[in-house]
Structures are given as structure tokens and as C-alpha cells.
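Trainee: This is work.pdb (PDB, N, CA, C and O atoms).
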MODEL        1
ATOM      1  N   MET J   1       0.838  -1.190   0.000
ATOM      2  CA  MET J   1       0.000   0.000   0.000
ATOM      3  C   MET J   1       0.876   1.243   0.000
ATOM      4  O   MET J   1       1.876   1.314   0.683
ATOM      5  N   GLY J   2       0.445   2.236  -0.780
ATOM      6  CA  GLY J   2       1.213   3.463  -0.891
ATOM      7  C   GLY J   2       0.834   4.476   0.160
ATOM      8  O   GLY J   2       0.039   4.226   1.067
ATOM      9  N   ILE J   3       1.374   5.629   0.006
ATOM     10  CA  ILE J   3       1.145   6.723   0.932
ATOM     11  C   ILE J   3      -0.223   7.362   0.691
ATOM     12  O   ILE J   3      -0.907   7.772   1.611
ATOM     13  N   PHE J   4      -0.636   7.441  -0.573
ATOM     14  CA  PHE J   4      -1.884   8.081  -0.955
ATOM     15  C   PHE J   4      -2.908   7.024  -1.342
ATOM     16  O   PHE J   4      -2.564   5.942  -1.768
ATOM     17  N   ASN J   5      -4.179   7.359  -1.225
ATOM     18  CA  ASN J   5      -5.252   6.433  -1.586
ATOM     19  C   ASN J   5      -5.514   6.535  -3.084
ATOM     20  O   ASN J   5      -6.515   7.103  -3.520
ATOM     21  N   LEU J   6      -4.611   5.991  -3.886
ATOM     22  CA  LEU J   6      -4.703   6.115  -5.333
ATOM     23  C   LEU J   6      -5.814   5.265  -5.917
ATOM     24  O   LEU J   6      -6.415   5.648  -6.925
ATOM     25  N   GLU J   7      -6.109   4.138  -5.323
ATOM     26  CA  GLU J   7      -7.141   3.264  -5.884
ATOM     27  C   GLU J   7      -8.500   3.967  -5.898
ATOM     28  O   GLU J   7      -9.230   3.895  -6.883
ATOM     29  N   GLU J   8      -8.823   4.654  -4.837
ATOM     30  CA  GLU J   8     -10.080   5.401  -4.786
ATOM     31  C   GLU J   8     -10.075   6.527  -5.820
ATOM     32  O   GLU J   8     -11.059   6.738  -6.535
ATOM     33  N   ALA J   9      -8.971   7.254  -5.908
ATOM     34  CA  ALA J   9      -8.862   8.347  -6.880
ATOM     35  C   ALA J   9      -8.974   7.824  -8.305
ATOM     36  O   ALA J   9      -9.609   8.457  -9.156
ATOM     37  N   LYS J  10      -8.390   6.658  -8.572
ATOM     38  CA  LYS J  10      -8.485   6.058  -9.908
ATOM     39  C   LYS J  10      -9.925   5.693 -10.232
ATOM     40  O   LYS J  10     -10.405   5.957 -11.337
ATOM     41  N   ARG J  11     -10.614   5.088  -9.284
ATOM     42  CA  ARG J  11     -12.018   4.718  -9.495
ATOM     43  C   ARG J  11     -12.880   5.953  -9.775
ATOM     44  O   ARG J  11     -13.738   5.947 -10.647
ATOM     45  N   GLU J  12     -12.636   6.996  -9.019
ATOM     46  CA  GLU J  12     -13.430   8.216  -9.144
ATOM     47  C   GLU J  12     -13.099   9.022 -10.395
ATOM     48  O   GLU J  12     -13.843   9.917 -10.771
ATOM     49  N   SER J  13     -11.988   8.712 -11.042
ATOM     50  CA  SER J  13     -11.538   9.500 -12.190
ATOM     51  C   SER J  13     -12.359   9.258 -13.449
ATOM     52  O   SER J  13     -12.359  10.093 -14.352
ATOM     53  N   ASP J  14     -13.025   8.107 -13.515
ATOM     54  CA  ASP J  14     -13.779   7.726 -14.716
ATOM     55  C   ASP J  14     -12.893   7.550 -15.948
ATOM     56  O   ASP J  14     -13.393   7.552 -17.067
ATOM     57  N   LEU J  15     -11.599   7.417 -15.752
ATOM     58  CA  LEU J  15     -10.701   7.136 -16.872
ATOM     59  C   LEU J  15     -10.735   5.643 -17.166
ATOM     60  O   LEU J  15     -10.902   4.826 -16.260
ATOM     61  N   SER J  16     -10.541   5.301 -18.427
ATOM     62  CA  SER J  16     -10.470   3.892 -18.802
ATOM     63  C   SER J  16      -9.130   3.324 -18.347
ATOM     64  O   SER J  16      -8.193   4.080 -18.038
ATOM     65  N   ALA J  17      -9.026   2.008 -18.324
ATOM     66  CA  ALA J  17      -7.768   1.356 -17.928
ATOM     67  C   ALA J  17      -6.604   1.809 -18.808
ATOM     68  O   ALA J  17      -5.525   2.127 -18.287
ATOM     69  N   PRO J  18      -6.770   1.881 -20.145
ATOM     70  CA  PRO J  18      -5.661   2.366 -20.975
ATOM     71  C   PRO J  18      -5.283   3.820 -20.694
ATOM     72  O   PRO J  18      -4.102   4.178 -20.702
ATOM     73  N   GLU J  19      -6.277   4.665 -20.411
ATOM     74  CA  GLU J  19      -5.991   6.064 -20.090
ATOM     75  C   GLU J  19      -5.227   6.171 -18.773
ATOM     76  O   GLU J  19      -4.258   6.942 -18.666
ATOM     77  N   LEU J  20      -5.649   5.408 -17.775
ATOM     78  CA  LEU J  20      -4.930   5.399 -16.490
ATOM     79  C   LEU J  20      -3.495   4.917 -16.672
ATOM     80  O   LEU J  20      -2.573   5.485 -16.089
ATOM     81  N   ALA J  21      -3.329   3.880 -17.483
ATOM     82  CA  ALA J  21      -1.984   3.334 -17.730
ATOM     83  C   ALA J  21      -1.095   4.392 -18.383
ATOM     84  O   ALA J  21       0.071   4.535 -18.014
ATOM     85  N   GLN J  22      -1.644   5.143 -19.332
ATOM     86  CA  GLN J  22      -0.873   6.207 -19.990
ATOM     87  C   GLN J  22      -0.466   7.280 -18.987
ATOM     88  O   GLN J  22       0.679   7.750 -18.997
ATOM     89  N   LEU J  23      -1.402   7.682 -18.158
ATOM     90  CA  LEU J  23      -1.118   8.722 -17.169
ATOM     91  C   LEU J  23      -0.076   8.243 -16.166
ATOM     92  O   LEU J  23       0.874   8.965 -15.850
ATOM     93  N   GLU J  24      -0.232   7.017 -15.681
ATOM     94  CA  GLU J  24       0.746   6.467 -14.740
ATOM     95  C   GLU J  24       2.133   6.395 -15.374
ATOM     96  O   GLU J  24       3.133   6.722 -14.729
ATOM     97  N   GLU J  25       2.196   5.971 -16.626
ATOM     98  CA  GLU J  25       3.490   5.867 -17.320
ATOM     99  C   GLU J  25       4.154   7.232 -17.449
ATOM    100  O   GLU J  25       5.348   7.372 -17.226
ATOM    101  N   ARG J  26       3.360   8.245 -17.783
ATOM    102  CA  ARG J  26       3.903   9.600 -17.933
ATOM    103  C   ARG J  26       4.469  10.115 -16.614
ATOM    104  O   ARG J  26       5.566  10.642 -16.545
ATOM    105  N   VAL J  27       3.714   9.931 -15.526
ATOM    106  CA  VAL J  27       4.165  10.405 -14.214
ATOM    107  C   VAL J  27       5.350   9.568 -13.736
ATOM    108  O   VAL J  27       6.315  10.100 -13.182
ATOM    109  N   ARG J  28       5.323   8.273 -13.968
ATOM    110  CA  ARG J  28       6.414   7.392 -13.548
ATOM    111  C   ARG J  28       7.724   7.786 -14.231
ATOM    112  O   ARG J  28       8.785   7.796 -13.610
ATOM    113  N   ARG J  29       7.658   8.137 -15.524
ATOM    114  CA  ARG J  29       8.869   8.562 -16.251
ATOM    115  C   ARG J  29       9.490   9.784 -15.598
ATOM    116  O   ARG J  29      10.704   9.906 -15.519
ATOM    117  N   GLU J  30       8.640  10.684 -15.153
ATOM    118  CA  GLU J  30       9.134  11.920 -14.547
ATOM    119  C   GLU J  30       9.763  11.683 -13.167
ATOM    120  O   GLU J  30      10.685  12.392 -12.773
ATOM    121  N   PHE J  31       9.257  10.694 -12.435
ATOM    122  CA  PHE J  31       9.713  10.477 -11.058
ATOM    123  C   PHE J  31      10.239   9.057 -10.856
ATOM    124  O   PHE J  31       9.933   8.424  -9.844
ATOM    125  N   GLU J  32      11.020   8.579 -11.804
ATOM    126  CA  GLU J  32      11.607   7.241 -11.697
ATOM    127  C   GLU J  32      12.366   7.094 -10.383
ATOM    128  O   GLU J  32      13.147   7.955 -10.014
ATOM    129  N   GLY J  33      12.100   6.015  -9.710
ATOM    130  CA  GLY J  33      12.853   5.714  -8.497
ATOM    131  C   GLY J  33      12.366   6.433  -7.246
ATOM    132  O   GLY J  33      12.918   6.229  -6.175
ATOM    133  N   ASP J  34      11.380   7.286  -7.365
ATOM    134  CA  ASP J  34      10.872   8.012  -6.199
ATOM    135  C   ASP J  34       9.373   7.753  -6.082
ATOM    136  O   ASP J  34       8.547   8.476  -6.644
ATOM    137  N   GLU J  35       9.029   6.689  -5.383
ATOM    138  CA  GLU J  35       7.646   6.237  -5.290
ATOM    139  C   GLU J  35       6.736   7.284  -4.644
ATOM    140  O   GLU J  35       5.591   7.472  -5.070
ATOM    141  N   MET J  36       7.227   7.980  -3.638
ATOM    142  CA  MET J  36       6.406   8.979  -2.975
ATOM    143  C   MET J  36       6.057  10.122  -3.935
ATOM    144  O   MET J  36       4.894  10.548  -4.001
ATOM    145  N   MET J  37       7.033  10.614  -4.687
ATOM    146  CA  MET J  37       6.773  11.695  -5.638
ATOM    147  C   MET J  37       5.851  11.218  -6.765
ATOM    148  O   MET J  37       4.988  11.969  -7.221
ATOM    149  N   PHE J  38       6.026   9.971  -7.202
ATOM    150  CA  PHE J  38       5.130   9.400  -8.213
ATOM    151  C   PHE J  38       3.694   9.421  -7.711
ATOM    152  O   PHE J  38       2.792   9.892  -8.393
ATOM    153  N   GLU J  39       3.479   8.909  -6.508
ATOM    154  CA  GLU J  39       2.132   8.856  -5.945
ATOM    155  C   GLU J  39       1.548  10.252  -5.750
ATOM    156  O   GLU J  39       0.377  10.488  -6.056
ATOM    157  N   LEU J  40       2.350  11.176  -5.251
ATOM    158  CA  LEU J  40       1.885  12.538  -5.035
ATOM    159  C   LEU J  40       1.428  13.168  -6.344
ATOM    160  O   LEU J  40       0.334  13.726  -6.440
ATOM    161  N   HIS J  41       2.257  13.062  -7.368
ATOM    162  CA  HIS J  41       1.931  13.721  -8.629
ATOM    163  C   HIS J  41       0.809  13.002  -9.381
ATOM    164  O   HIS J  41       0.012  13.660 -10.056
ATOM    165  N   LEU J  42       0.726  11.694  -9.253
ATOM    166  CA  LEU J  42      -0.401  10.980  -9.854
ATOM    167  C   LEU J  42      -1.689  11.397  -9.153
ATOM    168  O   LEU J  42      -2.704  11.661  -9.809
ATOM    169  N   SER J  43      -1.650  11.506  -7.842
ATOM    170  CA  SER J  43      -2.814  11.950  -7.075
ATOM    171  C   SER J  43      -3.233  13.357  -7.509
ATOM    172  O   SER J  43      -4.424  13.629  -7.725
ATOM    173  N   ARG J  44      -2.275  14.236  -7.672
ATOM    174  CA  ARG J  44      -2.557  15.605  -8.109
ATOM    175  C   ARG J  44      -3.142  15.631  -9.517
ATOM    176  O   ARG J  44      -4.062  16.402  -9.800
ATOM    177  N   ALA J  45      -2.599  14.810 -10.400
ATOM    178  CA  ALA J  45      -3.094  14.755 -11.778
ATOM    179  C   ALA J  45      -4.534  14.255 -11.808
ATOM    180  O   ALA J  45      -5.378  14.810 -12.527
ATOM    181  N   LEU J  46      -4.820  13.217 -11.031
ATOM    182  CA  LEU J  46      -6.183  12.684 -10.993
ATOM    183  C   LEU J  46      -7.162  13.720 -10.452
ATOM    184  O   LEU J  46      -8.279  13.854 -10.950
ATOM    185  N   LYS J  47      -6.760  14.466  -9.435
ATOM    186  CA  LYS J  47      -7.624  15.516  -8.878
ATOM    187  C   LYS J  47      -7.843  16.623  -9.908
ATOM    188  O   LYS J  47      -8.964  17.094 -10.087
ATOM    189  N   ALA J  48      -6.781  17.015 -10.601
ATOM    190  CA  ALA J  48      -6.899  18.071 -11.612
ATOM    191  C   ALA J  48      -7.845  17.639 -12.736
ATOM    192  O   ALA J  48      -8.645  18.446 -13.220
ATOM    193  N   LEU J  49      -7.771  16.380 -13.123
ATOM    194  CA  LEU J  49      -8.670  15.856 -14.148
ATOM    195  C   LEU J  49     -10.121  15.855 -13.645
ATOM    196  O   LEU J  49     -11.037  16.283 -14.344
ATOM    197  N   LYS J  50     -10.313  15.367 -12.432
ATOM    198  CA  LYS J  50     -11.649  15.277 -11.852
ATOM    199  C   LYS J  50     -12.291  16.656 -11.726
ATOM    200  O   LYS J  50     -13.483  16.828 -11.992
ATOM    201  N   GLU J  51     -11.506  17.644 -11.319
ATOM    202  CA  GLU J  51     -12.018  19.000 -11.111
ATOM    203  C   GLU J  51     -12.159  19.781 -12.417
ATOM    204  O   GLU J  51     -12.708  20.882 -12.415
ATOM    205  N   GLY J  52     -11.630  19.221 -13.523
ATOM    206  CA  GLY J  52     -11.722  19.904 -14.803
ATOM    207  C   GLY J  52     -10.668  20.970 -15.017
ATOM    208  O   GLY J  52     -10.780  21.796 -15.922
ATOM    209  N   TRP J  53      -9.624  20.956 -14.197
ATOM    210  CA  TRP J  53      -8.556  21.947 -14.318
ATOM    211  C   TRP J  53      -7.676  21.681 -15.525
ATOM    212  O   TRP J  53      -7.056  22.609 -16.051
ATOM    213  N   VAL J  54      -7.562  20.411 -15.932
ATOM    214  CA  VAL J  54      -6.795  20.013 -17.113
ATOM    215  C   VAL J  54      -7.562  18.916 -17.845
ATOM    216  O   VAL J  54      -8.394  18.237 -17.253
ATOM    217  N   THR J  55      -7.249  18.767 -19.119
ATOM    218  CA  THR J  55      -7.793  17.650 -19.894
ATOM    219  C   THR J  55      -6.791  16.502 -19.825
ATOM    220  O   THR J  55      -5.629  16.708 -19.435
ATOM    221  N   LEU J  56      -7.216  15.327 -20.231
ATOM    222  CA  LEU J  56      -6.298  14.192 -20.251
ATOM    223  C   LEU J  56      -5.138  14.482 -21.188
ATOM    224  O   LEU J  56      -3.986  14.176 -20.860
ATOM    225  N   GLU J  57      -5.417  15.088 -22.323
ATOM    226  CA  GLU J  57      -4.357  15.410 -23.274
ATOM    227  C   GLU J  57      -3.334  16.345 -22.651
ATOM    228  O   GLU J  57      -2.126  16.180 -22.844
ATOM    229  N   GLU J  58      -3.798  17.318 -21.883
ATOM    230  CA  GLU J  58      -2.882  18.237 -21.202
ATOM    231  C   GLU J  58      -2.071  17.495 -20.141
ATOM    232  O   GLU J  58      -0.868  17.724 -19.989
ATOM    233  N   ALA J  59      -2.722  16.622 -19.392
ATOM    234  CA  ALA J  59      -2.032  15.874 -18.338
ATOM    235  C   ALA J  59      -0.963  14.945 -18.913
ATOM    236  O   ALA J  59       0.053  14.708 -18.273
ATOM    237  N   LEU J  60      -1.205  14.435 -20.112
ATOM    238  CA  LEU J  60      -0.241  13.532 -20.748
ATOM    239  C   LEU J  60       0.881  14.266 -21.446
ATOM    240  O   LEU J  60       1.910  13.682 -21.768
ATOM    241  N   SER J  61       0.705  15.551 -21.667
ATOM    242  CA  SER J  61       1.712  16.353 -22.358
ATOM    243  C   SER J  61       2.954  16.505 -21.477
ATOM    244  O   SER J  61       2.856  16.755 -20.283
ATOM    245  N   GLU J  62       4.105  16.362 -22.109
ATOM    246  CA  GLU J  62       5.369  16.490 -21.355
ATOM    247  C   GLU J  62       5.568  17.904 -20.829
ATOM    248  O   GLU J  62       6.261  18.105 -19.865
ATOM    249  N   GLY J  63       4.940  18.897 -21.465
ATOM    250  CA  GLY J  63       5.157  20.274 -21.061
ATOM    251  C   GLY J  63       4.277  20.747 -19.917
ATOM    252  O   GLY J  63       4.465  21.829 -19.418
ATOM    253  N   VAL J  64       3.326  19.924 -19.499
ATOM    254  CA  VAL J  64       2.392  20.343 -18.455
ATOM    255  C   VAL J  64       2.830  19.765 -17.118
ATOM    256  O   VAL J  64       3.054  18.577 -16.990
ATOM    257  N   GLU J  65       2.957  20.622 -16.129
ATOM    258  CA  GLU J  65       3.310  20.201 -14.773
ATOM    259  C   GLU J  65       2.047  19.838 -14.031
ATOM    260  O   GLU J  65       1.150  20.649 -13.866
ATOM    261  N   VAL J  66       1.954  18.562 -13.606
ATOM    262  CA  VAL J  66       0.789  18.124 -12.839
ATOM    263  C   VAL J  66       1.173  17.741 -11.435
ATOM    264  O   VAL J  66       2.300  17.527 -11.124
TER     265      VAL J  66
ENDMDL
END
Write out the structure in this file as C-alpha cells.
Mentor:
Amino acid sequence: MGIFNLEEAKRESDLSAPELAQLEERVRREFEGDEMMFELHLSRALKALKEGWVTLEEALSEGVEV
């Protein structure tokens, strides 16, 4: 189990499994080797998507800080 409740956030995101996998891969690339930072930023990205602050395309973009 991680530091953040990512499973609940993933369920609430309404993203498909492939979309979640893409988002996780993008965040993982940015924070390789740092599980806490990966979880934090994935949690932030999921919240931003849920709140409508960013689109999935924006969240997947390398130039967008999530």
C-alpha cells in the first residue's frame, strides 16, 4: 500500500484502464525511483482531471506540470 489512496482516486476519475496506464506511465517517467513523488503527482493529476482543471491530453503532455 502506498502513501496516498490512489485506488479510490483512480475509481473516481472515470478514466479507462488504458488512459490510467498512460497517465501512470507519464508520471512514472518523470519520477523514476521516487515512489512517494510518483504517488503525489499521480494523485494531483487525478484531482486536476476530476475537477476539470486540465484535460487528459494536457495531463499527458510532457510540457504540463501536474
Trainee: Can you pull out every residue within 8 Å of region 40-50 of chain J, counting all atoms listed in the file, but drop anything in the same chain fewer than 5 positions away, and send it as an mmCIF file with N, CA, C and O atoms, in the frame of the given file?
Mentor:
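And here's out.cif as it stands now:
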data_model
loop_
_atom_site.group_PDB
_atom_site.id
_atom_site.type_symbol
_atom_site.label_atom_id
_atom_site.label_comp_id
_atom_site.auth_asym_id
_atom_site.auth_seq_id
_atom_site.Cartn_x
_atom_site.Cartn_y
_atom_site.Cartn_z
ATOM 1 N N ILE J 3 1.374 5.629 0.006
ATOM 2 C CA ILE J 3 1.145 6.723 0.932
ATOM 3 C C ILE J 3 -0.223 7.362 0.691
ATOM 4 O O ILE J 3 -0.907 7.772 1.611
ATOM 5 N N PHE J 4 -0.636 7.441 -0.573
ATOM 6 C CA PHE J 4 -1.884 8.081 -0.955
ATOM 7 C C PHE J 4 -2.908 7.024 -1.342
ATOM 8 O O PHE J 4 -2.564 5.942 -1.768
ATOM 9 N N ASN J 5 -4.179 7.359 -1.225
ATOM 10 C CA ASN J 5 -5.252 6.433 -1.586
ATOM 11 C C ASN J 5 -5.514 6.535 -3.084
ATOM 12 O O ASN J 5 -6.515 7.103 -3.520
ATOM 13 N N LEU J 6 -4.611 5.991 -3.886
ATOM 14 C CA LEU J 6 -4.703 6.115 -5.333
ATOM 15 C C LEU J 6 -5.814 5.265 -5.917
ATOM 16 O O LEU J 6 -6.415 5.648 -6.925
ATOM 17 N N ALA J 9 -8.971 7.254 -5.908
ATOM 18 C CA ALA J 9 -8.862 8.347 -6.880
ATOM 19 C C ALA J 9 -8.974 7.824 -8.305
ATOM 20 O O ALA J 9 -9.609 8.457 -9.156
ATOM 21 N N LYS J 10 -8.390 6.658 -8.572
ATOM 22 C CA LYS J 10 -8.485 6.058 -9.908
ATOM 23 C C LYS J 10 -9.925 5.693 -10.232
ATOM 24 O O LYS J 10 -10.405 5.957 -11.337
ATOM 25 N N GLU J 12 -12.636 6.996 -9.019
ATOM 26 C CA GLU J 12 -13.430 8.216 -9.144
ATOM 27 C C GLU J 12 -13.099 9.022 -10.395
ATOM 28 O O GLU J 12 -13.843 9.917 -10.771
ATOM 29 N N SER J 13 -11.988 8.712 -11.042
ATOM 30 C CA SER J 13 -11.538 9.500 -12.190
ATOM 31 C C SER J 13 -12.359 9.258 -13.449
ATOM 32 O O SER J 13 -12.359 10.093 -14.352
ATOM 33 N N ASP J 14 -13.025 8.107 -13.515
ATOM 34 C CA ASP J 14 -13.779 7.726 -14.716
ATOM 35 C C ASP J 14 -12.893 7.550 -15.948
ATOM 36 O O ASP J 14 -13.393 7.552 -17.067
ATOM 37 N N LEU J 23 -1.402 7.682 -18.158
ATOM 38 C CA LEU J 23 -1.118 8.722 -17.169
ATOM 39 C C LEU J 23 -0.076 8.243 -16.166
ATOM 40 O O LEU J 23 0.874 8.965 -15.850
ATOM 41 N N GLU J 24 -0.232 7.017 -15.681
ATOM 42 C CA GLU J 24 0.746 6.467 -14.740
ATOM 43 C C GLU J 24 2.133 6.395 -15.374
ATOM 44 O O GLU J 24 3.133 6.722 -14.729
ATOM 45 N N VAL J 27 3.714 9.931 -15.526
ATOM 46 C CA VAL J 27 4.165 10.405 -14.214
ATOM 47 C C VAL J 27 5.350 9.568 -13.736
ATOM 48 O O VAL J 27 6.315 10.100 -13.182
ATOM 49 N N ARG J 28 5.323 8.273 -13.968
ATOM 50 C CA ARG J 28 6.414 7.392 -13.548
ATOM 51 C C ARG J 28 7.724 7.786 -14.231
ATOM 52 O O ARG J 28 8.785 7.796 -13.610
ATOM 53 N N ASP J 34 11.380 7.286 -7.365
ATOM 54 C CA ASP J 34 10.872 8.012 -6.199
ATOM 55 C C ASP J 34 9.373 7.753 -6.082
ATOM 56 O O ASP J 34 8.547 8.476 -6.644
ATOM 57 N N GLU J 35 9.029 6.689 -5.383
ATOM 58 C CA GLU J 35 7.646 6.237 -5.290
ATOM 59 C C GLU J 35 6.736 7.284 -4.644
ATOM 60 O O GLU J 35 5.591 7.472 -5.070
ATOM 61 N N THR J 55 -7.249 18.767 -19.119
ATOM 62 C CA THR J 55 -7.793 17.650 -19.894
ATOM 63 C C THR J 55 -6.791 16.502 -19.825
ATOM 64 O O THR J 55 -5.629 16.708 -19.435
ATOM 65 N N LEU J 56 -7.216 15.327 -20.231
ATOM 66 C CA LEU J 56 -6.298 14.192 -20.251
ATOM 67 C C LEU J 56 -5.138 14.482 -21.188
ATOM 68 O O LEU J 56 -3.986 14.176 -20.860
ATOM 69 N N ALA J 59 -2.722 16.622 -19.392
ATOM 70 C CA ALA J 59 -2.032 15.874 -18.338
ATOM 71 C C ALA J 59 -0.963 14.945 -18.913
ATOM 72 O O ALA J 59 0.053 14.708 -18.273
ATOM 73 N N GLU J 65 2.957 20.622 -16.129
ATOM 74 C CA GLU J 65 3.310 20.201 -14.773
ATOM 75 C C GLU J 65 2.047 19.838 -14.031
ATOM 76 O O GLU J 65 1.150 20.649 -13.866
ATOM 77 N N VAL J 66 1.954 18.562 -13.606
ATOM 78 C CA VAL J 66 0.789 18.124 -12.839
ATOM 79 C C VAL J 66 1.173 17.741 -11.435
ATOM 80 O O VAL J 66 2.300 17.527 -11.124
#
Trainee: To one decimal in Å, tell me the separation between atom O of Ala17 (chain J) and atom C of Glu39 (chain J).
Mentor: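 Atom O of Ala17 (chain J) sits 16.5 Å away from atom C of Glu39 (chain J).
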Trainee: According to DSSP computed on the backbone, where in chain J is there alpha helix (DSSP H)? Give the residues as number ranges by chain.
Mentor: J: 6-13, 17-30, 35-51, 56-60
Trainee: Tell me, in Å to one decimal, how far CA of Glu58 (chain J) is from atom C of Met37 (chain J).
Mentor: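 A separation of 18.3 Å between them.
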Trainee: I'd like the interatomic distance between CA of Leu20 (chain J) and CA of Glu57 (chain J), to a tenth of an Å.
Mentor: 12.1 Å
